[in-house]
Each structure stands twice: as C-alpha cells, then as structure tokens.
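Data block for model_39.tsv (TSV, C-alpha atoms):
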chain	number	residue	atom	x	y	z
F	130	MET	CA	58.67	161.51	136.17
F	131	GLN	CA	58.68	161.41	139.96
F	132	LEU	CA	55.65	161.35	142.22
F	133	SER	CA	55.69	162.33	145.87
F	134	LEU	CA	55.03	159.74	148.56
F	135	VAL	CA	51.48	161.03	149.01
F	136	GLU	CA	50.85	161.05	145.26
F	137	GLU	CA	52.06	157.46	145.00
F	138	ASN	CA	49.71	156.40	147.80
F	139	TYR	CA	46.76	158.04	146.04
F	140	LEU	CA	47.65	156.45	142.71
F	141	LYS	CA	48.01	152.99	144.23
F	142	THR	CA	44.70	153.35	146.08
F	143	ILE	CA	42.86	154.42	142.92
F	144	TYR	CA	44.43	151.53	141.01
F	145	HIS	CA	43.31	148.99	143.62
F	146	LEU	CA	39.78	150.44	143.71
F	147	ALA	CA	39.61	150.27	139.92
F	148	GLU	CA	40.58	146.57	140.00
F	149	HIS	CA	37.28	145.81	141.72
F	150	SER	CA	35.04	148.19	139.79
F	151	ASP	CA	33.67	148.35	136.26
F	152	SER	CA	32.99	152.08	136.50
F	153	ASP	CA	34.94	155.26	137.20
F	154	ILE	CA	36.14	155.65	140.79
F	155	SER	CA	34.31	158.33	142.75
F	156	THR	CA	35.91	160.97	144.93
F	157	THR	CA	33.80	159.63	147.80
F	158	ALA	CA	35.22	156.10	147.41
F	159	ILE	CA	38.78	157.44	147.47
F	160	SER	CA	38.00	159.64	150.46
F	161	GLU	CA	36.57	156.71	152.41
F	162	GLU	CA	39.45	154.38	151.49
F	163	LEU	CA	42.09	156.89	152.59
F	164	ASP	CA	40.04	158.39	155.44
F	165	THR	CA	40.63	161.83	153.95
F	166	LYS	CA	38.37	164.83	153.42
F	167	PRO	CA	36.75	164.96	149.95
F	168	ALA	CA	38.17	168.44	149.36
F	169	SER	CA	41.71	167.13	149.90
F	170	VAL	CA	41.02	164.26	147.50
F	171	THR	CA	39.79	166.67	144.83
F	172	ASP	CA	42.95	168.77	145.13
F	173	MET	CA	45.14	165.68	144.77
F	174	LEU	CA	43.16	164.40	141.79
F	175	ARG	CA	43.84	167.67	139.99
F	176	LYS	CA	47.58	167.27	140.65
F	177	LEU	CA	47.60	163.68	139.44
F	178	SER	CA	45.57	164.64	136.39
F	179	ASP	CA	48.10	167.37	135.56
F	180	LYS	CA	50.79	164.66	135.62
F	181	ASP	CA	48.71	162.49	133.25
F	182	VAL	CA	48.61	159.48	135.59
F	183	ILE	CA	44.82	159.62	135.94
F	184	ASN	CA	41.92	160.79	133.79
F	185	TYR	CA	39.74	163.00	135.95
F	186	GLN	CA	36.64	165.03	135.25
F	187	LYS	CA	34.78	166.67	138.10
F	188	TYR	CA	31.52	164.88	138.98
F	189	ARG	CA	32.36	162.01	136.62
F	190	GLY	CA	34.96	160.11	138.61
F	191	VAL	CA	38.47	158.91	137.96
F	192	GLN	CA	40.22	156.40	135.71
F	193	VAL	CA	43.88	155.43	135.88
F	194	SER	CA	45.68	156.29	132.64
F	195	ASP	CA	48.03	153.86	130.90
F	196	LYS	CA	50.94	155.88	132.26
F	197	GLY	CA	49.43	155.72	135.74
F	198	LYS	CA	48.93	151.94	135.54
F	199	LYS	CA	52.61	151.41	134.78
F	200	LEU	CA	53.63	153.55	137.74
F	201	ALA	CA	51.08	151.93	140.07
F	202	LEU	CA	52.27	148.43	139.13
F	203	GLN	CA	55.89	149.39	139.85
F	204	ILE	CA	54.89	150.64	143.32
F	205	ILE	CA	52.99	147.40	143.92
F	206	ARG	CA	55.98	145.40	142.64
F	207	LYS	CA	58.29	147.10	145.16
F	208	HIS	CA	55.81	146.61	148.01
F	209	ARG	CA	55.45	142.90	147.40
F	210	LEU	CA	59.17	142.28	146.85
F	211	TRP	CA	59.92	144.00	150.15
F	212	GLU	CA	57.33	141.81	151.87
F	213	VAL	CA	59.09	138.71	150.55
F	214	PHE	CA	62.43	140.04	151.75
F	215	LEU	CA	61.11	140.87	155.22
F	216	VAL	CA	59.57	137.43	155.69
F	217	GLN	CA	62.21	135.25	154.03
F	218	LYS	CA	65.39	137.06	154.98
F	219	LEU	CA	64.62	139.05	158.16
F	220	GLY	CA	62.24	136.65	159.87
F	221	PHE	CA	59.18	138.89	160.02
F	222	ASN	CA	55.78	137.22	160.38
F	223	TRP	CA	53.35	137.70	157.52
F	224	TYR	CA	51.13	139.86	159.73
F	225	GLU	CA	54.00	142.28	160.46
F	226	VAL	CA	55.18	143.25	157.00
F	227	HIS	CA	52.41	145.27	155.33
F	228	GLU	CA	53.02	148.54	157.16
F	229	VAL	CA	56.80	148.27	156.82
F	230	ALA	CA	56.49	147.55	153.08
F	231	GLU	CA	54.20	150.59	152.79
F	232	GLN	CA	57.23	152.68	153.73
F	233	LEU	CA	59.81	150.79	151.68
F	234	GLU	CA	57.73	150.85	148.48
F	235	HIS	CA	58.55	154.54	147.97
F	236	ILE	CA	62.30	153.96	147.50
F	237	LYS	CA	63.09	155.29	144.02
F	238	SER	CA	66.17	153.26	142.98
F	239	PRO	CA	65.33	150.92	140.06
F	240	LEU	CA	68.76	149.28	140.45
F	241	LEU	CA	68.07	148.41	144.08
F	242	ILE	CA	64.75	146.81	143.19
F	243	LYS	CA	66.30	144.89	140.29
F	244	ARG	CA	69.00	143.52	142.59
F	245	LEU	CA	66.46	142.78	145.30
F	246	ASP	CA	64.41	140.78	142.79
F	247	ASN	CA	67.49	138.81	141.70
F	248	PHE	CA	68.59	138.26	145.32
F	249	LEU	CA	65.20	136.77	146.15
F	250	GLY	CA	65.21	134.50	143.09
F	251	LYS	CA	62.58	136.49	141.15
F	252	PRO	CA	59.55	135.48	143.26
F	253	THR	CA	56.17	135.56	141.54
F	254	VAL	CA	53.98	135.95	144.64
F	255	ASP	CA	54.35	137.74	147.97
F	256	PRO	CA	53.86	136.12	151.43
F	257	HIS	CA	50.10	136.63	151.17
F	258	GLY	CA	49.79	135.10	147.70
F	259	ASP	CA	49.43	138.33	145.74
F	260	PRO	CA	51.18	138.22	142.34
F	261	ILE	CA	54.36	140.28	141.94
F	262	PRO	CA	54.48	142.24	138.67
F	263	ASP	CA	57.71	141.90	136.71
F	264	GLU	CA	59.81	144.83	135.50
F	265	ASN	CA	57.32	145.42	132.69
F	266	GLY	CA	54.33	145.40	135.05
F	267	GLU	CA	53.14	141.99	133.84
F	268	TYR	CA	52.00	139.11	136.03
F	269	LYS	CA	49.96	135.94	135.74
F	270	GLU	CA	46.50	135.70	137.23
F	271	VAL	CA	45.19	132.27	138.19
F	272	PRO	CA	41.48	131.42	138.50
F	273	LEU	CA	40.47	131.68	142.15
F	274	CYS	CA	37.31	131.44	144.20
F	275	ALA	CA	36.52	132.46	147.75
F	276	LEU	CA	36.51	129.66	150.29
F	277	SER	CA	32.92	130.65	151.03
F	278	GLU	CA	32.00	129.67	147.45
F	279	LEU	CA	33.18	126.07	147.82
F	280	GLU	CA	30.34	123.61	148.33
F	281	THR	CA	30.19	121.03	151.11
F	282	GLY	CA	32.52	118.14	150.21
F	283	ASN	CA	34.67	120.28	147.92
F	284	GLU	CA	38.39	120.85	148.43
F	285	GLY	CA	40.63	123.79	147.62
F	286	ASN	CA	44.16	125.02	148.21
F	287	VAL	CA	44.70	128.40	149.89
F	288	ILE	CA	46.31	130.69	147.30
F	289	LYS	CA	45.79	134.21	148.58
F	290	VAL	CA	44.78	135.99	151.80
F	291	PRO	CA	44.26	139.70	152.61
F	292	ASP	CA	47.46	141.44	153.65
F	293	SER	CA	46.20	144.56	155.40
F	294	ASP	CA	44.51	143.09	158.50
F	295	PRO	CA	47.09	141.76	161.00
F	296	SER	CA	44.36	140.41	163.30
F	297	LEU	CA	43.07	138.13	160.51
F	298	LEU	CA	46.57	136.89	159.72
F	299	ARG	CA	47.26	136.19	163.38
F	300	HIS	CA	44.00	134.21	163.52
F	301	LEU	CA	45.03	132.19	160.45
F	302	ASP	CA	48.33	131.43	162.19
F	303	LYS	CA	46.39	130.30	165.27
F	304	ILE	CA	44.30	127.83	163.29
F	305	LYS	CA	47.37	126.75	161.27
F	306	MET	CA	46.11	127.93	157.90
F	307	LYS	CA	48.78	129.08	155.48
F	308	LEU	CA	49.36	129.48	151.76
F	309	GLY	CA	49.09	126.08	150.13
F	310	SER	CA	46.95	124.58	152.90
F	311	LYS	CA	44.42	122.05	151.65
F	312	ILE	CA	40.91	122.94	152.78
F	313	LEU	CA	38.03	120.48	152.83
F	314	VAL	CA	34.58	121.98	153.37
F	315	LYS	CA	32.79	119.69	155.81
F	316	ASP	CA	29.62	121.69	156.42
F	317	LYS	CA	28.02	125.09	155.84
F	318	VAL	CA	25.59	126.80	158.19
F	319	GLU	CA	22.93	128.53	156.14
F	320	PHE	CA	21.82	130.78	159.01
F	321	ASP	CA	25.02	132.84	159.27
F	322	ASP	CA	27.29	131.38	156.53
F	323	THR	CA	29.63	129.80	159.08
F	324	VAL	CA	31.77	127.08	157.46
F	325	LEU	CA	33.17	123.92	159.03
F	326	ILE	CA	36.50	123.14	157.39
F	327	GLN	CA	39.28	120.62	157.74
F	328	ILE	CA	42.80	122.02	157.25
F	329	ASP	CA	45.52	119.83	155.74
F	330	ASP	CA	43.73	116.60	156.69
F	331	ARG	CA	44.16	117.52	160.37
F	332	ASN	CA	42.15	119.86	162.55
F	333	GLU	CA	38.51	120.71	161.93
F	334	ILE	CA	37.35	124.19	162.83
F	335	TYR	CA	34.44	126.53	162.24
F	336	ILE	CA	35.22	129.85	160.59
F	337	SER	CA	32.90	132.76	160.03
F	338	GLY	CA	31.40	133.54	156.66
F	339	LYS	CA	33.28	136.85	156.76
F	340	ILE	CA	36.65	135.11	157.03
F	341	ALA	CA	35.68	132.47	154.46
F	342	SER	CA	34.84	135.19	151.95
F	343	THR	CA	38.36	136.67	152.16
F	344	ILE	CA	40.34	133.43	151.71
F	345	MET	CA	40.98	132.80	148.04
F	346	CYS	CA	41.42	129.23	146.86
F	347	SER	CA	42.04	127.18	143.77
F	348	SER	CA	39.73	124.23	143.55
F	349	ILE	CA	41.15	120.68	143.61
If you convert what's in this file into structure tokens, what do you get?
Amino acid sequence: MQLSLVEENYLKTIYHLAEHSDSDISTTAISEELDTKPASVTDMLRKLSDKDVINYQKYRGVQVSDKGKKLALQIIRKHRLWEVFLVQKLGFNWYEVHEVAEQLEHIKSPLLIKRLDNFLGKPTVDPHGDPIPDENGEYKEVPLCALSELETGNEGNVIKVPDSDPSLLRHLDKIKMKLGSKILVKDKVEFDDTVLIQIDDRNEIYISGKIASTIMCSSI
C-alpha cells in the first residue's frame, strides 16, 4: 500500500507525537505540530483511518495502528539513512541535512534503500544520534538522560541531539560539542538552570538550561 507524500508526513508526525505521550494524540496537537488548520487535520485523519494506518475516533484522538507503525518506521529509517549519506559521503554539515532528508525520505524504492544501507555499512545511528530502524523496523534503545539532569561533578557522553533546529546545531559546532563528547558538569545555576560544563577535558562554557535539556547523554 502506498501513501502520498502528505500522508506520510502526517503519519510520521503522529508517530513521533505518540512516542512522547501515554494518551491518544489530539487533533489540536497534530495541527500545532504541522502548523495546519484543524479542519485539514480532521480530513487527513479520516483518509489515514480508511487506510488502516491509524485508529481514529472523532473527539477521542488518534493512535497509530500496528500497520501504521511499520510504515512510519520505514519512513524514519529512510530519513536517517539519507542523513548519514549526506554527511559522510557528500560533506554536508549536520545542521544542513534534516530538510534535505525530509524530501529524500519519500523515495519508494526498497531496493535503493537496501543498497544505500549496505553502501553505508549498515549504520545504527544517524548524524544526530537517533537510532536507525533496520528493515524490520527494529532498533536498540539505550538508557539516556538529559544533560540538565546530570548533577554537579557528574560526567556523561553526548549520545543524541535534536535534528530539526539548525541554529542549535550551529551553536554546538561553535562550542565544539559533538556526538561522543565527554561532558563534565562543573556548576549549576539554580536561578535560571544555566549549566557550566567542560567539554572533552578542554574548554569550559556556560549553556542555558534550555539547551542542556535537549542534549541527551549516557552517564559515565
């Protein structure tokens, strides 16, 4: 079964929202995430429901069906493989690839994606640290915590960063923070949650609580 580009974008958005929610996803949440009118969202939800990729009841919210999860994970797999390709083989910076991969993820050829995966050496994470699902939609999750949750004196390695905000990624480049960087928390400012960190045993820098809450680490 084939979904249109717009349908795939809706399905992926609903899947991502569901990852961070224990309840059904509301039409309002989808509308806000996609910056789309609620009436347009409702029309699309009916179409996706007719294709059995979501479970939708008016006024009760949305759940992704098992069929929908498989399709969503394949879209995510393509997106993240293309990001790896763009960074490793074409020399893109990690803050340049998200929008390009958003276009490439809609290519339908399973053979192309299989060969792309093999060409890249079957990577398990993308340039931002997000896991890449395999052909069966399976991937390994590792225990992570936000940098903001590390206590003063604790260390962690940077494992994952948000991929959709180029300005944040450019800032991380500026302060020389990358995947795998060792972070030592030197001090925390209670007033505004600012954190003083040392990166890779070198430079010390203050980062905002907002940034610290988006950087995911494994503790050392």
Output as a tab-separated table one row per residue of region 277-345 of chain F within 7 Å of region 213-228 of chain F: the closest atom pair and its distance in Å to one decimal place, counting all atoms listed in the file, sorted by chain and residue number ascending.
residue	atom	partner	partner_atom	distance
F:Asp292	CA	F:His227	CA	6.5
F:Ser293	CA	F:His227	CA	6.3
F:Pro295	CA	F:Tyr224	CA	4.6
F:Leu298	CA	F:Tyr224	CA	5.4
F:Arg299	CA	F:Tyr224	CA	6.5
Subject >> Exercise: Leu301 (chain F) partners within 12 Å, all atoms listed in the file, chain neighbours under 3 positions left out, as a PyMOL selection string >> reply: chain F and resi 222-224+257+287+290-292+294-298+304-308+310+328+334+336+340-341+343-344
**OP:** Please provide the set of residues having any atom within 7 Å of region 311-323 of chain F, restricted to only C-alpha atoms, with same-chain residues fewer than 3 positions apart removed, written as a VMD selection string.
**Re:** chain F and resid 280 to 287 326 to 329 335 to 338
**OP:** Using all atoms listed in the file, find the one residue out of F:Leu245, F:Leu177, F:Asn138, F:Lys198 that sits nearest to Glu162 (chain F).
**Re:**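 Among the listed residues, F:Asn138 lies closest to Glu162 (chain F).
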**OP:** Record the distance separating CA of Tyr185 (chain F) and CA of Ile204 (chain F), expressed in Å with one decimal.
**Re:**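 A separation of 20.9 Å between them.
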Original post:
Separation of CA of Ser133 (chain F) and CA of Val191 (chain F), in Å?
Top reply: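 These two atoms are separated by 19.3 Å.
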Centre and edge lengths, as JSON, for the axis-aligned box enclosing every listed atom of region 159-177 of chain F with 8 Å of padding on each of the six sides, in Å to one decimal?
{"center_x": 42.1, "center_y": 161.6, "center_z": 147.4, "size_x": 27.0, "size_y": 30.4, "size_z": 32.0}
**OP:** Just give me the gap between CA of Pro252 (chain F) and CA of Leu202 (chain F) in Å, one decimal is fine.
**Re:** 15.4 Å
Original post:
Hey, what's within 9 Å of Asp153 (chain F) if we count all atoms listed in the file and toss same-chain stuff fewer than 5 positions away? As a list in words, please?
Top reply: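 Answer for this query is Ala147, Arg189, Gly190, Val191 and Gln192 of chain F.
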Subject >> Selected residue of minimal separation from Lys339 (chain F) among F:Asp179, F:Ser150, F:Phe248, F:Glu278, counting only C-alpha atoms >> reply: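 Once distances to Lys339 (chain F) are computed over only C-alpha atoms, the minimum belongs to F:Glu278.
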Original post:
So, counting all atoms listed in the file, which residue among F:Thr253, F:Pro262, F:Lys207, F:Arg175 is closest to Leu240 (chain F)?
Top reply: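 Using all atoms listed in the file, the shortest distance to Leu240 (chain F) belongs to F:Lys207.
With all atoms listed in the file as the basis for measurement, F:Ile205 is the residue among F:Ala168, F:Ala275, F:Ile205, F:Leu210 that approaches Thr142 (chain F) most closely.
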Original post:
Between F:Asp330, F:Glu137, F:Asp151, F:Asp181, which one has atoms that come closest to Gln232 (chain F), using all atoms listed in the file?
Top reply: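 Checking each candidate against Gln232 (chain F), we get F:Glu137 as the closest.
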